[in-house]
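Structure, as structure tokens:
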Amino acid sequence: MTAPAIGIDLGTTNSLAACVGSDGKPAAIRGADGEVIVPSCVSFAESGAAIVGRAARRRAVEDPRNTIFSVKRLMGKGIENLTEIERRLCPCEFVPAEGKLIKLRIRGREYTPQEISAMILREVADRASAALGETVTKAVITVPAYFDESQKQATMAAGKIAGLEVLRIVNEPTAAALAYGLDGLHDGVIAVYDLGGGTFDISILKIESGVFRVLATNGDASLGGDDFDRALMDLLIPLWEKAGGSRADLADPGIIQSLRQEAERAKIQLSSSATADILYERGSYPFRAAIAREDLEAAISPLFERSLGPCRRALADAELTIDRVDAVVLVGGATYTPLVRRRVEAFFNKKPYDALNPMEVVALGAAVQAKKLEGGFRNLLLLDVTPLSLGVETYGGAVDKVIARNTTIPARGKSEYTTFADNQTAIVFSIVQGERELAKDCRPLGQLILRGIPAMPAGMPRVEMNFHIDSDGLLTVTALERRSGAQAKVEIVPKHGLTLDEITRLVLEAAVNAKEDFRAARLATLRADAEFILKKLDAQMQRFGGRLDAQTRREIVEARDGLADAMRGESGDAIDGAHQYLEDVARVLVELTMDDAAASALRGKLV
Amino acid sequence: MVSAEAGAHADSVGDVNNSGAGVPSKCVACGETLISPLVCVACATLRPPKSEFNHFARLGLPLQYSIDAKELERRFLILVRGLHPDQFSTDSREDRALAEQLAAQLNDSYRVIRDPVMRADYLLELEGGPSRENQKSTPKAFLMEMLDINEEIEQAEAQLDAPARENLQKVRASLAARRAQLIQGFPEGFKTLAECEGIRRAAIAQVIRERLNVCSYLEGLLVKIDELLLR
């Protein structure tokens, strides 16, 4: 038996997989560590091995230059399209590779964002394989609805590099709607407000007896919870400066990372309490402070406002007024923020429907679509749209739109052109994506050259361009000169994308190195985990060691040294075994820590 | 795929007459009555298009301007369930490719037929009326009036404060009402067109074209105002 196709939510900050079980319901897949979420973080150990997920995230403060966060923000982009924020996100070096692709130089090797994403996908798929007991080979991967063609193709390439057969690229809000539909949301018009780690989407859908039809979608491909963290970080920096920190020290990526993590922690705390205690202990300028929820809300309110323009545009494109929306659903970790919930409710004048976990719902929907594409769920059907208009640059730099935004896919469109000069035998067409009127303001997707036009006076040839967007949302363009039958066809490879050859080569490289890579990666991950536990244990021993009897203390110290020894060796199993043993022996310490915390909390109350 | 597209043209006008022999009525595979020439929804057989059908034919609708919006919606949902590529995901590569083509055609037809202006534009060409390229005119009085309205919009754009926005809303409402009124006249216009012949027919076609041009002009202004209001 082969493993079923899974759904993967490849997020800016977190990724996860889900799968439809034998009961016909999608469920998130839990890894051997008990966790569903894999942080979308990759860290490169000294050996060059890639560590993915939680262990990578823990390395962010110690080894920020070799730890990559939010790589999704770089997908399908060229260096010239990067914003200052996106550059700041990445502490490592950008390599200006042939002026088209972004490459990152890490520990002397160069990686494209597609490869880094592939490492995350591989980790998520490997965890799923382990949990399902079969090797996962097929997946549906989600992307923000507002991703352009280059970004979608980059995601597709990442899946292939990870060795997966990508059954479909599905838009995140659409996937979420599918999960809600299966969960019993009634027929009608629904608005999906999806604020993730780094992207914002709004989709308006109509659900009618199993058909999920997207009426309109809009968004902001660089707005998300990460921006909330940064806004909060900007509040922390003055406090840190007051404690003695200087602007110059902010160039240290380790300081930035630790402030960012503290900001993220405070943000999460502020979702459930009115104030968050800041206890920043790293480096020479520790400080303590309290941040009130109002401070956070004042800082993120303008960011929230940015999401409302797309909401209004989507409603206008769907030709609906707000009162026609029957239900609003919230998707994405950033919608836990109380301000977001409150203001979305106010905007739509409706209490958001949130029966499903906003962190998991996209993966659940992707799993449903995966099952569908393997022949299940005959009565469900997703009809998605293309988020941005597609067109051809005409003489003078204007754009002739061939397929309008929010057209249901699969879609097609055609347009006719002619020559400008007598006896012109070839025409170069530039294909662009976007809503602006001038081609230079839109996203260039690629070029198509039609050759072999017979010599004719200018204006005589009749060149017909046909666009076809398939159900993955990917574009093929053909050109035909009607008088002579001259033809050309391209599958658009975006300017900042990988060619099919490049993808194939990367997959092969990955396959050749897979075994060695896997061993090295596992070893690096186990070492990082062990290092973390040792540090924690030493601190606990210092505080509570005195309360242990001699026998227990000796056992713990021996187990500790055993793990430290194993770490110096090359055997992953030895490290894993020593780590497990230490955790067992040291359980008594964890209990002491918890008792102590409970006691001090109680004391706090009594005072 | 390319040659199929290139050989026949979806939107080229007058290839198939809905009442003529071009549209088959029974499925060759199961004998059921077809509601569309693209697919038999009874036995899920996709039908490779030998010639391309017009937008009305694809949805199994008579060649006339007036449509029942609910009926159109119902047909679209039945047909799209029948031929969407996701329904053929475990079938052969050829079937999936065919489904991609047919679904794109169906979506295109539904998009045109659903929109009252696109539908009128398309039907007018099918009926042999002048195309947008052949007759670009709009009534003179209308253009004079639009000069003033354009000026009003430009002034509002320069200010874009609360009173300016309120004024834009007013302009928008009056333009939208005007467009709606023009659209309401189309069913009658096309009915008359169908009844007439010769010179009179040509004259009516020209009137419809002129009104369609006015609609497009108004549509352009509405889009512009909406963009301004969203700023």
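Please note that chains go A, B, ... in the order of the structure tokens, that every chain numbers its residues from 1, and that ligands are numbered from 1 in the order shown.
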
Requested in this report: Enumerate as a list in words the residues belonging to chain A that approach chain B to within 7 Å, with only C-alpha atoms taken into account.
Outcome: Gly309, Leu373, Glu374, Gly375, Thr408, Ile409, Pro410, Ala411, Arg412 and Asp470 of chain A

I need the chosen residues saved as a PDB file, in the first residue's frame, with N, CA, C and O atoms.
```pdb
ATOM      1  N   GLY A 309      -8.538  47.601   2.312  1.00  0.00           N
ATOM      2  CA  GLY A 309      -8.625  47.961   0.891  1.00  0.00           C
ATOM      3  C   GLY A 309      -8.872  46.731   0.030  1.00  0.00           C
ATOM      4  O   GLY A 309      -9.844  46.689  -0.738  1.00  0.00           O
ATOM      5  N   LEU A 373      -8.309  14.575  -5.688  1.00  0.00           N
ATOM      6  CA  LEU A 373      -7.513  14.324  -6.894  1.00  0.00           C
ATOM      7  C   LEU A 373      -7.050  12.870  -6.982  1.00  0.00           C
ATOM      8  O   LEU A 373      -6.517  12.447  -8.003  1.00  0.00           O
ATOM      9  N   GLU A 374      -7.276  12.109  -5.925  1.00  0.00           N
ATOM     10  CA  GLU A 374      -7.022  10.677  -6.010  1.00  0.00           C
ATOM     11  C   GLU A 374      -8.331   9.921  -6.252  1.00  0.00           C
ATOM     12  O   GLU A 374      -8.379   8.707  -6.109  1.00  0.00           O
ATOM     13  N   GLY A 375      -9.363  10.670  -6.593  1.00  0.00           N
ATOM     14  CA  GLY A 375     -10.620  10.019  -6.978  1.00  0.00           C
ATOM     15  C   GLY A 375     -11.707  10.023  -5.913  1.00  0.00           C
ATOM     16  O   GLY A 375     -12.785   9.476  -6.133  1.00  0.00           O
ATOM     17  N   THR A 408     -12.642  32.657 -13.647  1.00  0.00           N
ATOM     18  CA  THR A 408     -12.623  31.266 -13.175  1.00  0.00           C
ATOM     19  C   THR A 408     -11.647  30.436 -14.013  1.00  0.00           C
ATOM     20  O   THR A 408     -11.606  30.575 -15.233  1.00  0.00           O
ATOM     21  N   ILE A 409     -10.844  29.602 -13.340  1.00  0.00           N
ATOM     22  CA  ILE A 409      -9.929  28.730 -14.072  1.00  0.00           C
ATOM     23  C   ILE A 409     -10.460  27.293 -14.063  1.00  0.00           C
ATOM     24  O   ILE A 409     -11.183  26.924 -13.141  1.00  0.00           O
ATOM     25  N   PRO A 410     -10.149  26.467 -15.087  1.00  0.00           N
ATOM     26  CA  PRO A 410      -9.332  26.778 -16.259  1.00  0.00           C
ATOM     27  C   PRO A 410      -9.949  27.926 -17.065  1.00  0.00           C
ATOM     28  O   PRO A 410     -11.172  28.011 -17.164  1.00  0.00           O
ATOM     29  N   ALA A 411      -9.094  28.753 -17.635  1.00  0.00           N
ATOM     30  CA  ALA A 411      -9.589  29.912 -18.361  1.00  0.00           C
ATOM     31  C   ALA A 411      -8.856  30.049 -19.677  1.00  0.00           C
ATOM     32  O   ALA A 411      -7.768  29.513 -19.844  1.00  0.00           O
ATOM     33  N   ARG A 412      -9.473  30.758 -20.582  1.00  0.00           N
ATOM     34  CA  ARG A 412      -8.766  31.051 -21.811  1.00  0.00           C
ATOM     35  C   ARG A 412      -9.127  32.438 -22.282  1.00  0.00           C
ATOM     36  O   ARG A 412     -10.152  33.007 -21.907  1.00  0.00           O
ATOM     37  N   ASP A 470      -4.368  26.691 -16.759  1.00  0.00           N
ATOM     38  CA  ASP A 470      -4.881  25.369 -16.396  1.00  0.00           C
ATOM     39  C   ASP A 470      -5.378  25.358 -14.944  1.00  0.00           C
ATOM     40  O   ASP A 470      -5.343  26.391 -14.262  1.00  0.00           O
TER      41      ASP A 470
END
```

Report task. Could you tell me, as a list of chain:residue names, which residues of stretch 8-228 of chain B DSSP assigns to strand (DSSP E or B) when given the backbone? Result ->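 Strand (DSSP E or B) assignments inside stretch 8-228 of chain B correspond to B:Lys26, B:Thr33, B:Val39, B:Cys40, B:Thr45, B:Leu46.
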
Using C-alpha atoms, can you write the selected residues to a file as a compact mmCIF listing (two decimals), in the first residue's frame?
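again24.txt was written with the following content:
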```
# COMPACT_ATOMS: atom_id res chain seq x y z
CA LYS B 26 -28.30 12.83 -28.13
CA THR B 33 -30.54 13.86 -24.36
CA VAL B 39 -20.29 16.74 -22.23
CA CYS B 40 -22.89 14.14 -21.45
CA THR B 45 -18.44 11.32 -21.54
CA LEU B 46 -16.42 14.29 -22.70
```

Requested in this report: Per DSSP on the backbone, filter stretch 16-161 of chain B down to the residues in alpha helix (DSSP H) and report them as a PyMOL selection string.
Outcome: chain B and resi 55-58+69-83+93-114+116-126+140-159

Query raised in the report: Smallest atom-to-atom distance to B:Phe76: which of B:Ser109, B:Asn54, B:Gln206, B:Gln135, using only C-alpha atoms?
Result: B:Ser109

Requested in this report: Could you give me, as a PyMOL selection string, the residues within 12 Å of A:Glu46, counting only C-alpha atoms and dropping anything in the same chain fewer than 4 positions from it?
Outcome: chain A and resi 50-51+59+63+65-67+106-109+520-521+523-525+527-528

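Between atom CA of B:Ala205 and atom CA of B:Ile183 the interatomic distance comes to 14.9 Å.
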
Report task. Select, from B:Leu124, B:Ala141, B:Leu59, B:Leu175, the residue with the minimum atom-to-atom distance to B:Cys215, counting only C-alpha atoms. Result ->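 So, comparing all the options, the nearest one is B:Leu175.
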
Query - Separation of atom CA of A:Val385 from atom CA of A:Ile8, in Å and rounded to one decimal - result: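 Atom CA of A:Val385 sits 20.3 Å away from atom CA of A:Ile8.
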
**Report entry** Contacts of B:Leu222 within 10 Å, only C-alpha atoms, excl. fewer than 5 positions in-chain, as a PyMOL selection string
**Finding:** chain B and resi 168+171-173+175-176+179+216-217+227-228

Kindly export the residues of the current selection with N, CA and C atoms, as a compact mmCIF listing (two decimals), in the first residue's frame.
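That gives us selection17.txt:
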```
# COMPACT_ATOMS: atom_id res chain seq x y z
N LEU B 168 -18.52 62.15 -5.57
CA LEU B 168 -18.20 61.02 -6.44
C LEU B 168 -19.26 59.93 -6.32
N VAL B 171 -22.19 60.98 -8.34
CA VAL B 171 -21.94 60.82 -9.77
C VAL B 171 -22.01 59.34 -10.13
N ARG B 172 -21.40 58.52 -9.26
CA ARG B 172 -21.38 57.09 -9.50
C ARG B 172 -22.79 56.53 -9.60
N ALA B 173 -23.61 56.93 -8.63
CA ALA B 173 -24.97 56.40 -8.59
C ALA B 173 -25.73 56.78 -9.84
N LEU B 175 -24.49 57.50 -12.84
CA LEU B 175 -23.96 56.78 -14.00
C LEU B 175 -24.40 55.33 -13.99
N ALA B 176 -24.39 54.71 -12.80
CA ALA B 176 -24.78 53.31 -12.69
C ALA B 176 -26.25 53.14 -13.06
N ARG B 179 -26.60 53.29 -16.78
CA ARG B 179 -26.14 52.06 -17.41
C ARG B 179 -27.22 50.97 -17.27
N SER B 216 -20.14 50.74 -22.40
CA SER B 216 -18.71 50.51 -22.14
C SER B 216 -18.06 51.77 -21.60
N TYR B 217 -18.46 52.90 -22.18
CA TYR B 217 -17.89 54.16 -21.73
C TYR B 217 -18.24 54.39 -20.25
N GLU B 227 -12.04 53.01 -8.23
CA GLU B 227 -10.62 53.06 -7.86
C GLU B 227 -10.35 54.26 -6.97
N LEU B 228 -10.93 55.42 -7.36
CA LEU B 228 -10.72 56.64 -6.57
C LEU B 228 -11.29 56.49 -5.17
```

Report task. Show which residues sit within 9 Å of A:Asp183, as a PyMOL selection string. Count only C-alpha atoms, and ignore same-chain residues fewer than 3 positions away. Result -> chain A and resi 25+178-180+355-356

At a cut-off of 9 Å, using only C-alpha atoms, what residues contact A:Ile120? Leave out same-chain residues fewer than 6 positions from it and give the result as an mmCIF file with N, CA, C and O atoms, in the first residue's frame.
```
data_model
loop_
_atom_site.group_PDB
_atom_site.id
_atom_site.type_symbol
_atom_site.label_atom_id
_atom_site.label_comp_id
_atom_site.auth_asym_id
_atom_site.auth_seq_id
_atom_site.Cartn_x
_atom_site.Cartn_y
_atom_site.Cartn_z
ATOM 1 N N LEU A 10 2.463 25.247 3.257
ATOM 2 C CA LEU A 10 3.847 25.729 3.327
ATOM 3 C C LEU A 10 3.786 27.206 3.697
ATOM 4 O O LEU A 10 3.653 28.069 2.844
ATOM 5 N N SER A 15 4.764 25.492 8.930
ATOM 6 C CA SER A 15 4.253 24.578 7.916
ATOM 7 C C SER A 15 3.687 23.350 8.604
ATOM 8 O O SER A 15 4.059 23.048 9.744
ATOM 9 N N VAL A 38 5.568 22.530 12.007
ATOM 10 C CA VAL A 38 7.009 22.575 11.768
ATOM 11 C C VAL A 38 7.351 24.033 11.453
ATOM 12 O O VAL A 38 6.899 24.557 10.435
ATOM 13 N N PRO A 39 8.110 24.702 12.317
ATOM 14 C CA PRO A 39 8.473 26.084 11.977
ATOM 15 C C PRO A 39 9.193 26.121 10.626
ATOM 16 O O PRO A 39 10.043 25.270 10.355
ATOM 17 N N SER A 40 8.826 27.086 9.769
ATOM 18 C CA SER A 40 9.431 27.173 8.436
ATOM 19 C C SER A 40 10.801 27.838 8.538
ATOM 20 O O SER A 40 11.020 28.945 8.070
ATOM 21 N N CYS A 41 11.697 27.130 9.202
ATOM 22 C CA CYS A 41 13.003 27.693 9.483
ATOM 23 C C CYS A 41 14.045 26.633 9.150
ATOM 24 O O CYS A 41 13.872 25.465 9.468
ATOM 25 N N VAL A 42 15.116 27.075 8.474
ATOM 26 C CA VAL A 42 16.193 26.154 8.125
ATOM 27 C C VAL A 42 17.498 26.748 8.636
ATOM 28 O O VAL A 42 17.788 27.920 8.402
ATOM 29 N N VAL A 52 16.045 21.495 10.054
ATOM 30 C CA VAL A 52 14.776 22.112 9.709
ATOM 31 C C VAL A 52 13.825 22.080 10.895
ATOM 32 O O VAL A 52 13.786 21.091 11.629
ATOM 33 N N GLY A 53 13.070 23.146 11.065
ATOM 34 C CA GLY A 53 11.986 23.133 12.035
ATOM 35 C C GLY A 53 12.364 23.704 13.384
ATOM 36 O O GLY A 53 13.108 24.677 13.484
ATOM 37 N N ALA A 162 11.826 18.741 -3.741
ATOM 38 C CA ALA A 162 11.681 17.911 -2.540
ATOM 39 C C ALA A 162 11.353 16.467 -2.907
ATOM 40 O O ALA A 162 11.186 15.622 -2.027
#
```

Report task. Would you list the contacts of B:Glu166 as a PyMOL selection string, taking every protein, DNA or RNA residue within 12 Å and counting only C-alpha atoms, but skipping same-chain residues closer than 3 positions in sequence? Result -> chain B and resi 153+156-157+159-163+169-173+225+228-229
